[in-house]
>>> print(open('coords-v3.cif').read())   # mmCIF, C-alpha atoms
data_target
#
loop_
_atom_site.label_atom_id
_atom_site.label_comp_id
_atom_site.auth_asym_id
_atom_site.auth_seq_id
_atom_site.Cartn_x
_atom_site.Cartn_y
_atom_site.Cartn_z
CA MET A 801 -39.59 33.54 90.76
CA GLU A 802 -40.78 29.96 91.05
CA GLY A 803 -44.47 29.42 90.46
CA ALA A 804 -46.83 27.88 92.99
CA LEU A 805 -46.59 24.52 91.20
CA ALA A 806 -42.79 24.39 91.14
CA GLY A 807 -41.74 20.80 91.80
CA VAL A 808 -44.91 19.28 90.31
CA LYS A 809 -43.93 17.01 87.42
CA VAL A 810 -46.32 16.47 84.53
CA LEU A 811 -45.99 14.08 81.60
CA ASP A 812 -48.15 15.37 78.74
CA LEU A 813 -48.93 12.57 76.27
CA SER A 814 -51.77 14.49 74.66
CA ASN A 815 -52.46 16.14 71.31
CA PHE A 816 -54.67 18.84 69.83
CA LEU A 817 -56.29 21.32 72.22
CA ALA A 818 -58.25 20.36 75.35
CA ALA A 819 -55.70 18.21 77.17
CA PRO A 820 -52.62 20.23 76.07
CA MET A 821 -54.39 23.37 77.29
CA SER A 822 -54.86 21.81 80.73
CA ALA A 823 -51.11 21.15 80.81
CA MET A 824 -50.50 24.75 79.70
CA PHE A 825 -52.39 26.07 82.73
CA LEU A 826 -50.28 23.90 85.03
CA ALA A 827 -47.06 24.97 83.31
CA ASP A 828 -48.02 28.64 83.57
CA PHE A 829 -47.82 28.34 87.35
CA GLY A 830 -44.51 26.53 87.45
CA ALA A 831 -45.21 22.84 86.87
CA ASP A 832 -42.43 20.99 85.01
CA VAL A 833 -44.33 19.76 81.93
CA LEU A 834 -42.74 17.35 79.47
CA LYS A 835 -44.67 16.95 76.24
CA VAL A 836 -44.29 13.70 74.28
CA GLU A 837 -44.74 14.10 70.52
CA ARG A 838 -44.54 11.80 67.53
CA PRO A 839 -41.15 11.76 65.80
CA GLY A 840 -41.09 13.72 62.57
CA LYS A 841 -44.47 15.46 62.80
CA GLY A 842 -45.35 16.11 66.42
CA ASP A 843 -48.67 17.36 67.71
CA GLU A 844 -51.27 18.06 65.02
CA VAL A 845 -51.67 21.58 66.45
CA ARG A 846 -48.34 22.43 64.80
CA TYR A 847 -50.34 22.35 61.53
CA TRP A 848 -53.52 24.08 62.68
CA GLY A 849 -54.48 27.49 61.36
CA GLU A 850 -52.00 30.22 60.59
CA ASN A 851 -48.25 29.83 60.47
CA LYS A 852 -45.23 32.07 60.13
CA GLU A 853 -42.42 30.64 58.00
CA GLY A 854 -44.02 27.23 58.40
CA VAL A 855 -44.13 27.40 62.19
CA GLY A 856 -47.64 26.92 63.61
CA LEU A 857 -48.50 29.94 65.74
CA TYR A 858 -51.23 28.47 67.95
CA TYR A 859 -48.90 25.65 69.00
CA LYS A 860 -46.62 28.33 70.47
CA VAL A 861 -49.41 29.42 72.81
CA ILE A 862 -50.97 26.09 73.84
CA ASN A 863 -47.60 24.44 74.52
CA ARG A 864 -45.77 27.34 76.12
CA ASN A 865 -43.56 26.63 79.13
CA LYS A 866 -43.27 22.94 78.16
CA LYS A 867 -40.38 20.76 77.04
CA SER A 868 -40.70 18.57 73.94
CA VAL A 869 -39.41 15.02 73.50
CA THR A 870 -40.18 12.73 70.56
CA LEU A 871 -41.21 9.11 71.15
CA ASP A 872 -43.20 6.67 69.05
CA LEU A 873 -45.66 4.95 71.40
CA HIS A 874 -46.20 2.17 68.85
CA THR A 875 -42.63 0.92 69.51
CA PRO A 876 -41.11 -0.96 72.47
CA LEU A 877 -38.59 1.84 73.01
CA GLY A 878 -41.32 4.46 73.12
CA VAL A 879 -43.42 2.46 75.58
CA GLU A 880 -40.44 1.72 77.81
CA ALA A 881 -39.38 5.37 77.85
CA VAL A 882 -42.88 6.53 78.80
CA LYS A 883 -42.96 4.01 81.65
CA ARG A 884 -39.63 5.26 82.95
CA LEU A 885 -40.82 8.86 82.73
CA ALA A 886 -44.20 8.08 84.35
CA ALA A 887 -42.46 6.43 87.30
CA ASP A 888 -41.13 9.82 88.36
CA VAL A 889 -44.00 12.26 87.77
CA ASP A 890 -47.05 13.45 89.68
CA ILE A 891 -49.49 13.70 86.77
CA VAL A 892 -49.84 12.00 83.38
CA ILE A 893 -52.19 13.71 80.91
CA GLU A 894 -53.59 11.78 77.95
CA ASN A 895 -56.44 12.16 75.46
CA TYR A 896 -56.29 9.04 73.32
CA ARG A 897 -59.46 7.18 72.52
CA THR A 898 -60.68 4.92 75.33
CA GLY A 899 -58.58 1.77 75.57
CA THR A 900 -55.69 3.01 73.42
CA LEU A 901 -53.13 3.34 76.22
CA GLU A 902 -54.13 -0.09 77.52
CA LYS A 903 -53.53 -1.49 74.02
CA TRP A 904 -50.03 -0.03 74.10
CA GLY A 905 -49.33 -1.33 77.62
CA LEU A 906 -49.51 2.15 79.16
CA GLY A 907 -52.88 2.08 80.94
CA TYR A 908 -53.47 3.48 84.40
CA ASP A 909 -53.24 0.11 86.15
CA THR A 910 -49.83 -0.51 84.58
CA LEU A 911 -48.42 2.92 85.36
CA LYS A 912 -49.74 3.05 88.94
CA ASP A 913 -47.84 -0.17 89.68
CA LEU A 914 -44.70 1.76 88.79
CA ASN A 915 -45.86 4.89 90.62
CA PRO A 916 -48.58 4.30 93.26
CA GLY A 917 -49.10 8.04 93.80
CA LEU A 918 -49.67 8.72 90.12
CA ILE A 919 -52.53 10.96 88.99
CA MET A 920 -53.69 10.19 85.44
CA LEU A 921 -55.89 12.77 83.74
CA ARG A 922 -57.84 11.08 80.94
CA ILE A 923 -59.74 13.31 78.52
CA THR A 924 -61.88 11.69 75.83
CA GLY A 925 -64.85 12.69 73.74
CA PHE A 926 -67.40 10.67 75.72
CA GLY A 927 -65.54 9.36 78.77
CA GLN A 928 -64.17 5.99 79.86
CA THR A 929 -67.63 4.51 80.55
CA GLY A 930 -71.05 4.47 78.92
CA PRO A 931 -72.37 3.22 75.58
CA TYR A 932 -70.50 5.92 73.62
CA ARG A 933 -67.13 5.33 75.31
CA ASP A 934 -65.52 3.99 72.10
CA ARG A 935 -66.66 6.83 69.86
CA PRO A 936 -64.12 9.37 68.63
CA GLY A 937 -64.71 12.83 70.04
CA PHE A 938 -63.66 16.36 69.21
CA GLY A 939 -64.74 19.70 70.62
CA THR A 940 -66.99 20.42 67.64
CA LEU A 941 -68.99 17.27 68.33
CA ALA A 942 -69.18 18.13 72.03
CA GLU A 943 -70.53 21.61 71.32
CA ALA A 944 -73.43 20.03 69.46
CA TYR A 945 -73.88 17.03 71.78
CA ALA A 946 -73.91 19.09 75.01
CA GLY A 947 -76.69 21.35 73.70
CA TYR A 948 -74.67 24.49 73.08
CA ALA A 949 -75.19 24.71 69.30
CA GLN A 950 -78.94 24.14 69.59
CA ILE A 951 -79.43 27.30 71.66
CA SER A 952 -76.95 29.42 69.66
CA GLY A 953 -78.05 31.45 66.65
CA HIS A 954 -81.13 33.39 65.59
CA PRO A 955 -84.67 32.00 65.86
CA ASP A 956 -85.07 31.72 62.09
CA GLY A 957 -81.56 30.42 61.42
CA PRO A 958 -79.64 27.18 61.90
CA PRO A 959 -77.87 26.14 65.11
CA LEU A 960 -74.48 27.84 65.31
CA LEU A 961 -71.15 26.50 66.48
CA PRO A 962 -68.80 28.91 68.30
CA GLY A 963 -66.04 30.76 66.48
CA PHE A 964 -63.33 29.15 68.62
CA GLY A 965 -62.69 25.85 70.40
CA LEU A 966 -65.21 26.43 73.18
CA ALA A 967 -65.69 22.84 74.34
CA ASP A 968 -61.96 22.10 74.19
CA SER A 969 -61.04 25.28 76.05
CA THR A 970 -63.59 24.85 78.82
CA THR A 971 -62.48 21.23 79.16
CA GLY A 972 -58.88 22.42 79.50
CA VAL A 973 -59.83 24.73 82.36
CA MET A 974 -61.85 22.05 84.15
CA ALA A 975 -59.15 19.44 83.63
CA ALA A 976 -56.53 21.68 85.24
CA PHE A 977 -58.86 22.25 88.18
CA LEU A 978 -59.52 18.52 88.60
CA ALA A 979 -55.79 17.83 88.44
CA MET A 980 -55.32 20.28 91.33
CA VAL A 981 -58.11 18.55 93.29
CA ALA A 982 -56.40 15.19 92.79
CA LEU A 983 -53.03 16.68 93.72
CA ALA A 984 -54.52 18.06 96.94
CA GLU A 985 -55.86 14.58 97.76
CA LYS A 986 -52.45 13.06 97.05
CA ARG A 987 -50.80 15.51 99.43
CA ARG A 988 -53.46 14.78 102.06
CA SER A 989 -53.55 10.98 101.86
CA GLY A 990 -50.70 9.90 99.59
CA ARG A 991 -53.16 8.31 97.18
CA GLY A 992 -53.03 8.74 93.43
CA GLN A 993 -56.07 8.30 91.20
CA TYR A 994 -57.30 8.66 87.66
CA ILE A 995 -59.59 11.41 86.41
CA ASP A 996 -62.19 10.52 83.77
CA LEU A 997 -63.34 13.68 81.95
CA ALA A 998 -65.46 13.74 78.79
CA ILE A 999 -65.13 16.80 76.56
CA TYR A 1000 -68.88 17.54 76.51
CA GLU A 1001 -69.36 17.43 80.30
CA THR A 1002 -68.02 20.84 81.32
CA LEU A 1003 -70.01 22.63 78.63
CA LEU A 1004 -73.17 20.74 79.62
CA THR A 1005 -72.82 22.27 83.08
CA LEU A 1006 -71.84 25.77 81.96
CA ILE A 1007 -74.53 26.50 79.40
CA GLY A 1008 -77.14 27.56 81.92
CA PRO A 1009 -80.42 26.58 83.60
CA HIS A 1010 -82.04 24.70 80.74
CA VAL A 1011 -81.63 21.27 82.40
CA ILE A 1012 -83.52 22.22 85.56
CA ASN A 1013 -86.01 24.28 83.54
CA PHE A 1014 -86.84 21.23 81.41
CA ASP A 1015 -86.97 18.96 84.44
CA GLN A 1016 -89.37 21.17 86.42
CA LEU A 1017 -91.26 23.08 83.73
CA GLY A 1018 -90.85 21.08 80.53
CA LEU A 1019 -89.23 24.06 78.80
CA VAL A 1020 -86.91 23.61 75.82
CA GLN A 1021 -84.71 26.69 75.36
CA ARG A 1022 -84.95 28.28 71.93
CA ARG A 1023 -82.41 30.16 69.88
CA GLU A 1024 -82.68 33.89 70.61
CA GLY A 1025 -79.60 35.40 68.97
CA SER A 1026 -77.67 37.40 71.57
CA ARG A 1027 -80.56 37.48 74.03
CA LEU A 1028 -80.77 35.41 77.18
CA PRO A 1029 -83.98 33.71 78.34
CA PHE A 1030 -83.62 34.91 81.94
CA THR A 1031 -82.53 38.57 81.78
CA ALA A 1032 -83.21 41.66 79.66
CA PRO A 1033 -81.87 43.80 78.17
CA ARG A 1034 -79.02 41.71 76.86
CA ASN A 1035 -78.10 42.14 73.20
CA THR A 1036 -75.74 43.84 70.75
CA TYR A 1037 -76.63 47.18 69.19
CA ARG A 1038 -75.23 49.17 66.25
CA THR A 1039 -73.94 52.71 66.80
CA ARG A 1040 -74.23 55.66 64.42
CA ASP A 1041 -70.69 55.12 63.09
CA ASP A 1042 -71.37 51.44 62.34
CA LYS A 1043 -69.68 50.04 65.45
CA TRP A 1044 -71.24 47.73 68.02
CA VAL A 1045 -71.88 47.77 71.76
CA THR A 1046 -73.53 45.41 74.19
CA VAL A 1047 -75.49 46.23 77.33
CA GLY A 1048 -76.49 44.10 80.29
CA GLY A 1049 -79.35 45.21 82.49
CA SER A 1050 -80.19 42.27 84.71
CA ALA A 1051 -80.42 44.46 87.84
CA GLN A 1052 -83.13 47.14 87.95
CA SER A 1053 -80.59 49.80 88.91
CA ALA A 1054 -78.48 48.85 85.88
CA PHE A 1055 -81.49 49.16 83.57
CA ILE A 1056 -82.32 52.61 84.94
CA ASN A 1057 -78.70 53.70 84.45
CA ILE A 1058 -78.72 52.46 80.83
CA CYS A 1059 -81.85 54.44 80.06
CA GLU A 1060 -80.49 57.60 81.68
CA THR A 1061 -77.19 57.26 79.82
CA LEU A 1062 -79.07 56.92 76.52
CA GLU A 1063 -81.40 59.82 77.43
CA ILE A 1064 -84.55 57.71 77.29
CA PRO A 1065 -85.92 57.93 80.86
CA GLU A 1066 -89.43 57.23 79.55
CA LEU A 1067 -88.50 53.54 79.20
CA VAL A 1068 -88.13 53.31 82.98
CA ARG A 1069 -91.69 54.55 83.44
CA ASP A 1070 -93.10 52.23 80.78
CA PRO A 1071 -95.02 49.40 82.55
CA ARG A 1072 -93.79 46.94 79.91
CA PHE A 1073 -90.27 47.41 81.26
CA SER A 1074 -90.98 47.88 84.96
CA ASP A 1075 -88.95 44.85 86.06
CA ASN A 1076 -86.91 42.03 84.57
CA ARG A 1077 -89.86 39.67 84.05
CA GLN A 1078 -91.88 42.35 82.28
CA ARG A 1079 -88.89 43.21 80.10
CA LEU A 1080 -88.53 39.54 79.10
CA ARG A 1081 -92.20 39.45 78.07
CA HIS A 1082 -91.71 42.54 75.86
CA VAL A 1083 -88.09 42.03 74.84
CA GLN A 1084 -88.64 42.76 71.14
CA ALA A 1085 -90.09 46.21 71.88
CA LEU A 1086 -87.33 46.86 74.40
CA ASP A 1087 -84.57 45.99 71.93
CA GLU A 1088 -86.12 48.19 69.25
CA ALA A 1089 -86.22 51.14 71.64
CA LEU A 1090 -82.63 50.63 72.76
CA GLN A 1091 -81.40 50.24 69.19
CA ALA A 1092 -83.09 53.48 68.16
CA ALA A 1093 -81.46 55.31 71.06
CA ILE A 1094 -77.98 53.85 70.54
CA ALA A 1095 -78.09 54.65 66.83
CA ARG A 1096 -78.02 58.37 67.73
CA PHE A 1097 -74.46 58.12 69.11
CA ASP A 1098 -71.00 57.41 67.74
CA LEU A 1099 -69.12 54.69 69.61
CA ASP A 1100 -66.53 56.93 71.30
CA ASP A 1101 -69.18 59.38 72.51
CA LEU A 1102 -71.32 56.54 73.80
CA LEU A 1103 -68.44 54.90 75.65
CA ALA A 1104 -67.47 58.22 77.23
CA ARG A 1105 -71.03 58.69 78.45
CA SER A 1106 -71.09 55.13 79.74
CA ALA A 1107 -67.80 55.52 81.61
CA ALA A 1108 -68.94 58.76 83.23
CA ARG A 1109 -72.09 57.09 84.55
CA ARG A 1110 -70.56 53.67 85.25
CA CYS A 1111 -73.09 52.19 82.88
CA THR A 1112 -73.09 48.44 82.17
CA MET A 1113 -72.09 48.83 78.53
CA SER A 1114 -69.10 47.55 76.56
CA PRO A 1115 -67.77 47.83 73.03
CA VAL A 1116 -67.91 44.67 70.95
CA ASN A 1117 -64.17 44.45 70.39
CA ASP A 1118 -62.31 42.84 67.55
CA VAL A 1119 -58.71 41.79 68.17
CA ALA A 1120 -57.32 45.09 66.83
CA GLN A 1121 -59.39 46.96 69.41
CA ILE A 1122 -58.20 44.55 72.09
CA PHE A 1123 -54.56 45.29 71.26
CA ALA A 1124 -55.24 49.07 71.43
CA ASP A 1125 -57.31 49.00 74.63
CA PRO A 1126 -55.56 50.89 77.50
CA HIS A 1127 -57.06 48.69 80.21
CA ILE A 1128 -55.84 45.49 78.58
CA ARG A 1129 -52.38 47.08 78.20
CA GLU A 1130 -52.31 48.20 81.83
CA ARG A 1131 -53.43 44.79 83.09
CA GLY A 1132 -50.80 43.06 80.96
CA ASN A 1133 -53.36 40.70 79.43
CA ILE A 1134 -51.24 40.35 76.29
CA ARG A 1135 -47.60 39.47 76.86
CA ALA A 1136 -44.60 39.59 74.54
CA VAL A 1137 -42.15 36.68 74.83
CA TYR A 1138 -39.09 35.94 72.68
CA ASP A 1139 -39.16 32.78 70.55
CA ASP A 1140 -35.84 31.20 69.54
CA GLU A 1141 -37.33 29.25 66.65
CA LEU A 1142 -38.76 32.28 64.86
CA GLY A 1143 -36.16 34.69 66.18
CA CYS A 1144 -38.66 37.34 67.24
CA GLU A 1145 -41.05 38.33 69.99
CA LEU A 1146 -44.49 36.72 69.96
CA ARG A 1147 -47.47 38.37 71.63
CA MET A 1148 -50.01 36.08 73.19
CA GLN A 1149 -52.60 36.02 75.96
CA ASP A 1150 -50.86 36.21 79.33
CA VAL A 1151 -51.35 33.85 82.26
CA VAL A 1152 -54.93 34.05 83.54
CA GLY A 1153 -55.24 35.46 87.04
CA LYS A 1154 -52.80 37.43 89.16
CA LEU A 1155 -51.51 35.80 92.33
CA SER A 1156 -49.88 38.30 94.69
CA ALA A 1157 -47.33 35.87 96.19
CA SER A 1158 -46.73 33.25 93.50
CA PRO A 1159 -47.80 34.58 90.11
CA GLY A 1160 -47.63 32.53 86.95
CA ALA A 1161 -45.43 33.50 84.01
CA ILE A 1162 -44.74 32.69 80.38
CA ARG A 1163 -41.11 31.61 80.35
CA HIS A 1164 -40.96 30.59 76.68
CA PRO A 1165 -43.35 29.79 73.81
CA GLY A 1166 -44.00 26.25 72.63
CA PRO A 1167 -40.69 24.46 71.91
CA ARG A 1168 -39.24 23.09 68.69
CA LEU A 1169 -40.17 19.49 68.02
CA GLY A 1170 -37.89 17.25 70.09
CA GLN A 1171 -35.95 20.23 71.42
CA HIS A 1172 -35.27 18.44 74.72
CA ASN A 1173 -34.56 14.93 73.41
CA ARG A 1174 -30.93 14.88 74.53
CA GLU A 1175 -31.69 16.33 77.94
CA ILE A 1176 -34.49 13.85 78.66
CA LEU A 1177 -33.61 10.65 76.82
CA VAL A 1178 -29.83 10.62 77.20
CA GLU A 1179 -29.03 12.73 80.25
CA ARG A 1180 -32.07 11.83 82.37
CA LEU A 1181 -33.04 8.32 81.22
CA GLY A 1182 -29.61 7.16 80.11
CA TYR A 1183 -30.47 5.85 76.63
CA ASP A 1184 -27.61 5.12 74.26
CA GLU A 1185 -27.36 7.64 71.43
CA ALA A 1186 -26.87 4.93 68.80
CA GLU A 1187 -30.01 3.12 69.99
CA LEU A 1188 -32.03 6.32 69.73
CA ALA A 1189 -30.61 7.06 66.29
CA ARG A 1190 -31.69 3.61 65.09
CA ALA A 1191 -35.18 4.44 66.33
CA GLY A 1192 -35.18 7.59 64.21
CA ILE A 1193 -35.01 9.98 67.16
CA VAL A 1194 -33.03 13.15 66.47
CA LEU A 1195 -31.12 14.25 69.55
CA ASP A 1196 -29.74 17.63 68.57
CA ASP A 1197 -31.37 20.55 66.84
CA PRO A 1198 -30.54 19.97 63.17
CA GLY A 1199 -30.90 23.66 62.38
CA ASP A 1200 -33.78 25.28 60.55
CA THR A 1201 -36.07 22.40 59.61
CA ARG A 1202 -39.20 24.50 59.33
CA THR A 1203 -41.59 23.78 56.52
CA ARG A 1204 -41.71 27.04 54.61
CA THR A 1205 -44.79 27.91 52.63
CA SER A 1206 -45.74 31.01 50.72
CA ALA A 1207 -49.31 30.95 52.02
CA GLY A 1208 -50.38 32.02 55.49
CA THR A 1209 -51.63 28.59 56.43
CA GLY A 1210 -49.35 25.61 56.86
CA PRO A 1211 -49.66 22.32 55.04
CA ALA A 1212 -52.06 19.71 56.28
CA ALA A 1213 -50.37 17.07 58.39
CA PRO A 1214 -50.25 13.69 56.66
CA HIS A 1215 -52.21 10.88 58.25
CA LEU A 1216 -50.02 8.84 60.53
CA GLU A 1217 -50.78 5.49 62.10
CA GLY A 1218 -52.56 6.12 65.37
CA ASP A 1219 -54.08 9.49 64.44
CA ASP A 1220 -57.57 8.06 64.84
CA ASP A 1221 -56.78 7.13 68.44
CA ALA A 1222 -56.40 10.74 69.53
CA ALA A 1223 -59.25 12.70 71.07
CA ALA A 1224 -59.38 16.49 71.06
#
>>> encode(input="coords-v3.cif", output="structure tokens")
Amino acid sequence: MEGALAGVKVLDLSNFLAAPMSAMFLADFGADVLKVERPGKGDEVRYWGENKEGVGLYYKVINRNKKSVTLDLHTPLGVEAVKRLAADVDIVIENYRTGTLEKWGLGYDTLKDLNPGLIMLRITGFGQTGPYRDRPGFGTLAEAYAGYAQISGHPDGPPLLPGFGLADSTTGVMAAFLAMVALAEKRRSGRGQYIDLAIYETLLTLIGPHVINFDQLGLVQRREGSRLPFTAPRNTYRTRDDKWVTVGGSAQSAFINICETLEIPELVRDPRFSDNRQRLRHVQALDEALQAAIARFDLDDLLARSAARRCTMSPVNDVAQIFADPHIRERGNIRAVYDDELGCELRMQDVVGKLSASPGAIRHPGPRLGQHNREILVERLGYDEAELARAGIVLDDPGDTRTRTSAGTGPAAPHLEGDDDAAA
């Protein structure tokens, strides 16, 4: 079945995480996404984190459903090929440092002359304008700059960064949404446009009410561990068998249900916990009482009680628990897909959201480097094979060229000219 975005053509010039993830979301719903990678090494994500037989595993997820072609954008051939590809697409996605594409002769003004309806999605650390526009930017910097790290952690501890690429991932979601907004405008008016998105901006909006609270009340949010400054209870608690659960009691009815499930109805009658504002004033005493009650139960018993009463409680899952969870299995949130490069099935997070008429799908994991060079460069663009060979572009799969290592983590990618131009 074709996805809802079948017929939408996307040229993905980006590297790392945020921008490639936005292209992944478009590809999941049927967009034809062509990823341009550097000859020889490709996207740095091929070298991130864990690998199997030298093949980077996270690359397989972030670049699923895409085609891969290798072009060196520092060369006339690479620039010309990108121009010819951009002339026939709806969306170009890039995340090079501000001004880099213009330096290479591939800026928005140049490409829109070739394709007036072009949408260019530009993701950088700090945006195309402003005093910081020329600074390099990665998700880690954005998590600190946007205020997330400052409010994360315990009151007596240091600011904490998240355990995954939070700023990059939220940027990827927002970028895909903005691309759809621009595509809707193109279909309405015929006009293309460029999208200027800084990596810190989405997170700045998502992290809560602290901007308006500072503006109106002069409040600076403090680190409170797993608590929230506007609702209680909200924390993690240890069970008798050394597992963890979380509860959320923002509504009064939910708080009453939690107390009844834990067999502590006296908390409901306690004036310190009579409503959400009182609970926030006495949150330390509330957490101590809840922890004492939860510590009387093993996790399975507690979850059974919670399910029977429809209590707002959840286990704090690790990935092994996620794989074993019957609801996640029934919903199909983890999908197995065969990978030709590794010769086995890979399990990864499935497409987010379930459309009844035009669902998304994972058609294949991230491709081998340059897997589609012949199809794109020779058959579509008409380049001469000898010319491409002189440029060092391999047209056909040379067999197993994986970098095999005995360790679980692949080798660090060597520094290539132009690496510093890439954003996250």
>>> residues_around(input="coords-v3.cif", residues="segment 1116-1123 of chain A", least_positions_apart="2", cutoff="6 Å", atoms="all atoms listed in the file", output="list of chain:residue names")
A:Trp1044, A:Val1045, A:Asp1125
>>> residues_around(input="coords-v3.cif", residues="segment 933-949 of chain A", least_positions_apart="2", cutoff="7 Å", atoms="only C-alpha atoms", output="number ranges by chain")
A: 897-898, 924-931, 951-952, 959-961, 965, 967-968, 999-1000, 1003-1004, 1007, 1223-1224
>>> closest_residue(input="coords-v3.cif", among="A:Leu1080, A:Cys1144, A:Met824, A:Val892", to="Lys867 of chain A", atoms="all atoms listed in the file")
A:Met824
>>> closest_residue(input="coords-v3.cif", among="A:Arg991, A:Lys835, A:Lys860, A:Lys883", to="Leu811 of chain A", atoms="only C-alpha atoms")
A:Lys835
>>> residues_around(input="coords-v3.cif", residues="Ile995 of chain A", least_positions_apart="6", cutoff="9 Å", atoms="all atoms listed in the file", output="PDB file with C-alpha atoms, in the frame of the given file")
ATOM      1  CA  ILE A 919     -52.530  10.960  88.990  1.00  0.00           C
ATOM      2  CA  MET A 920     -53.690  10.190  85.440  1.00  0.00           C
ATOM      3  CA  LEU A 921     -55.890  12.770  83.740  1.00  0.00           C
ATOM      4  CA  ARG A 922     -57.840  11.080  80.940  1.00  0.00           C
ATOM      5  CA  ILE A 923     -59.740  13.310  78.520  1.00  0.00           C
ATOM      6  CA  ALA A 975     -59.150  19.440  83.630  1.00  0.00           C
ATOM      7  CA  LEU A 978     -59.520  18.520  88.600  1.00  0.00           C
ATOM      8  CA  ALA A 979     -55.790  17.830  88.440  1.00  0.00           C
ATOM      9  CA  ALA A 982     -56.400  15.190  92.790  1.00  0.00           C
TER      10      ALA A 982
END
>>> resolve_selection(input="coords-v3.cif", expression="the PyMOL selection byres ((chain A and resi 823) around 12)", output="JSON, numbers by chain")
{"A": [805, 808, 809, 810, 811, 812, 813, 814, 815, 816, 817, 818, 819, 820, 821, 822, 824, 825, 826, 827, 828, 829, 830, 831, 832, 833, 834, 835, 861, 862, 863, 864, 865, 866, 867, 891, 892, 893, 894, 895, 921, 923, 969, 971, 972, 973, 974, 975, 976, 977, 978, 979, 980, 1166]}
>>> residues_near_point(input="coords-v3.cif", point="(-80.7, 40.7, 78.7)", cutoff="9 Å", atoms="all atoms listed in the file", output="VMD selection string")
chain A and resid 1026 to 1035 1047 to 1050 1076 1079 to 1080 1083
>>> residues_near_point(input="coords-v3.cif", point="(-50.3, 4.1, 83.8)", cutoff="10 Å", atoms="only C-alpha atoms", output="list in words")
Val882, Lys883, Ala886, Ala887, Val892, Leu901, Glu902, Gly905, Leu906, Gly907, Tyr908, Asp909, Thr910, Leu911, Lys912, Asp913, Leu914, Asn915, Pro916, Leu918, Ile919, Met920 and Tyr994 of chain A
>>> residues_around(input="coords-v3.cif", residues="Leu1103 of chain A", least_positions_apart="4", cutoff="10 Å", atoms="only C-alpha atoms", output="list in words")
Val1045, Thr1061, Phe1097, Asp1098, Leu1099, Ala1107, Ala1108, Arg1109, Arg1110, Cys1111, Met1113, Ser1114 and Pro1115 of chain A
>>> atom_distance(input="coords-v3.cif", atom1="atom CA of Arg1022 of chain A", atom2="atom CA of His1010 of chain A")
9.9 Å
>>> atom_distance(input="coords-v3.cif", atom1="atom CA of Gly1008 of chain A", atom2="atom CA of Arg1077 of chain A")
17.7 Å
>>> atom_distance(input="coords-v3.cif", atom1="atom CA of Ser1158 of chain A", atom2="atom CA of Ser868 of chain A")
25.2 Å
>>> resolve_selection(input="coords-v3.cif", expression="the PyMOL selection byres ((chain A and resi 1096) around 10)", output="mmCIF file with C-alpha atoms, in the coordinates of the input")
data_model
loop_
_atom_site.group_PDB
_atom_site.id
_atom_site.type_symbol
_atom_site.label_atom_id
_atom_site.label_comp_id
_atom_site.auth_asym_id
_atom_site.auth_seq_id
_atom_site.Cartn_x
_atom_site.Cartn_y
_atom_site.Cartn_z
ATOM 1 C CA ARG A 1038 -75.230 49.170 66.250
ATOM 2 C CA THR A 1039 -73.940 52.710 66.800
ATOM 3 C CA ARG A 1040 -74.230 55.660 64.420
ATOM 4 C CA ASP A 1041 -70.690 55.120 63.090
ATOM 5 C CA LEU A 1062 -79.070 56.920 76.520
ATOM 6 C CA GLN A 1091 -81.400 50.240 69.190
ATOM 7 C CA ALA A 1092 -83.090 53.480 68.160
ATOM 8 C CA ALA A 1093 -81.460 55.310 71.060
ATOM 9 C CA ILE A 1094 -77.980 53.850 70.540
ATOM 10 C CA ALA A 1095 -78.090 54.650 66.830
ATOM 11 C CA PHE A 1097 -74.460 58.120 69.110
ATOM 12 C CA ASP A 1098 -71.000 57.410 67.740
ATOM 13 C CA LEU A 1099 -69.120 54.690 69.610
ATOM 14 C CA LEU A 1102 -71.320 56.540 73.800
#
>>> closest_atom_pairs(input="coords-v3.cif", of="segment 1075-1185 of chain A", to="segment 837-854 of chain A", cutoff="12 Å", atoms="only C-alpha atoms", output="CSV")
residue,atom,partner,partner_atom,distance
A:Glu1141,CA,A:Glu853,CA,10.1
A:Leu1142,CA,A:Glu853,CA,7.9
A:Gly1143,CA,A:Glu853,CA,11.1
A:Cys1144,CA,A:Lys852,CA,11.0
A:Leu1146,CA,A:Lys852,CA,10.9
A:Gly1166,CA,A:Arg846,CA,9.7
A:Pro1167,CA,A:Arg846,CA,10.6
A:Arg1168,CA,A:Gly842,CA,9.6
A:Leu1169,CA,A:Gly842,CA,6.4
A:Gly1170,CA,A:Glu837,CA,7.6
A:Gln1171,CA,A:Glu837,CA,10.8
A:His1172,CA,A:Glu837,CA,11.2
A:Asn1173,CA,A:Pro839,CA,10.6
>>> write_last_selection(input="coords-v3.cif", atoms="C-alpha atoms", output="mmCIF file, keeping the file's coordinate frame")
data_model
loop_
_atom_site.group_PDB
_atom_site.id
_atom_site.type_symbol
_atom_site.label_atom_id
_atom_site.label_comp_id
_atom_site.auth_asym_id
_atom_site.auth_seq_id
_atom_site.Cartn_x
_atom_site.Cartn_y
_atom_site.Cartn_z
ATOM 1 C CA GLU A 1141 -37.330 29.250 66.650
ATOM 2 C CA LEU A 1142 -38.760 32.280 64.860
ATOM 3 C CA GLY A 1143 -36.160 34.690 66.180
ATOM 4 C CA CYS A 1144 -38.660 37.340 67.240
ATOM 5 C CA LEU A 1146 -44.490 36.720 69.960
ATOM 6 C CA GLY A 1166 -44.000 26.250 72.630
ATOM 7 C CA PRO A 1167 -40.690 24.460 71.910
ATOM 8 C CA ARG A 1168 -39.240 23.090 68.690
ATOM 9 C CA LEU A 1169 -40.170 19.490 68.020
ATOM 10 C CA GLY A 1170 -37.890 17.250 70.090
ATOM 11 C CA GLN A 1171 -35.950 20.230 71.420
ATOM 12 C CA HIS A 1172 -35.270 18.440 74.720
ATOM 13 C CA ASN A 1173 -34.560 14.930 73.410
#
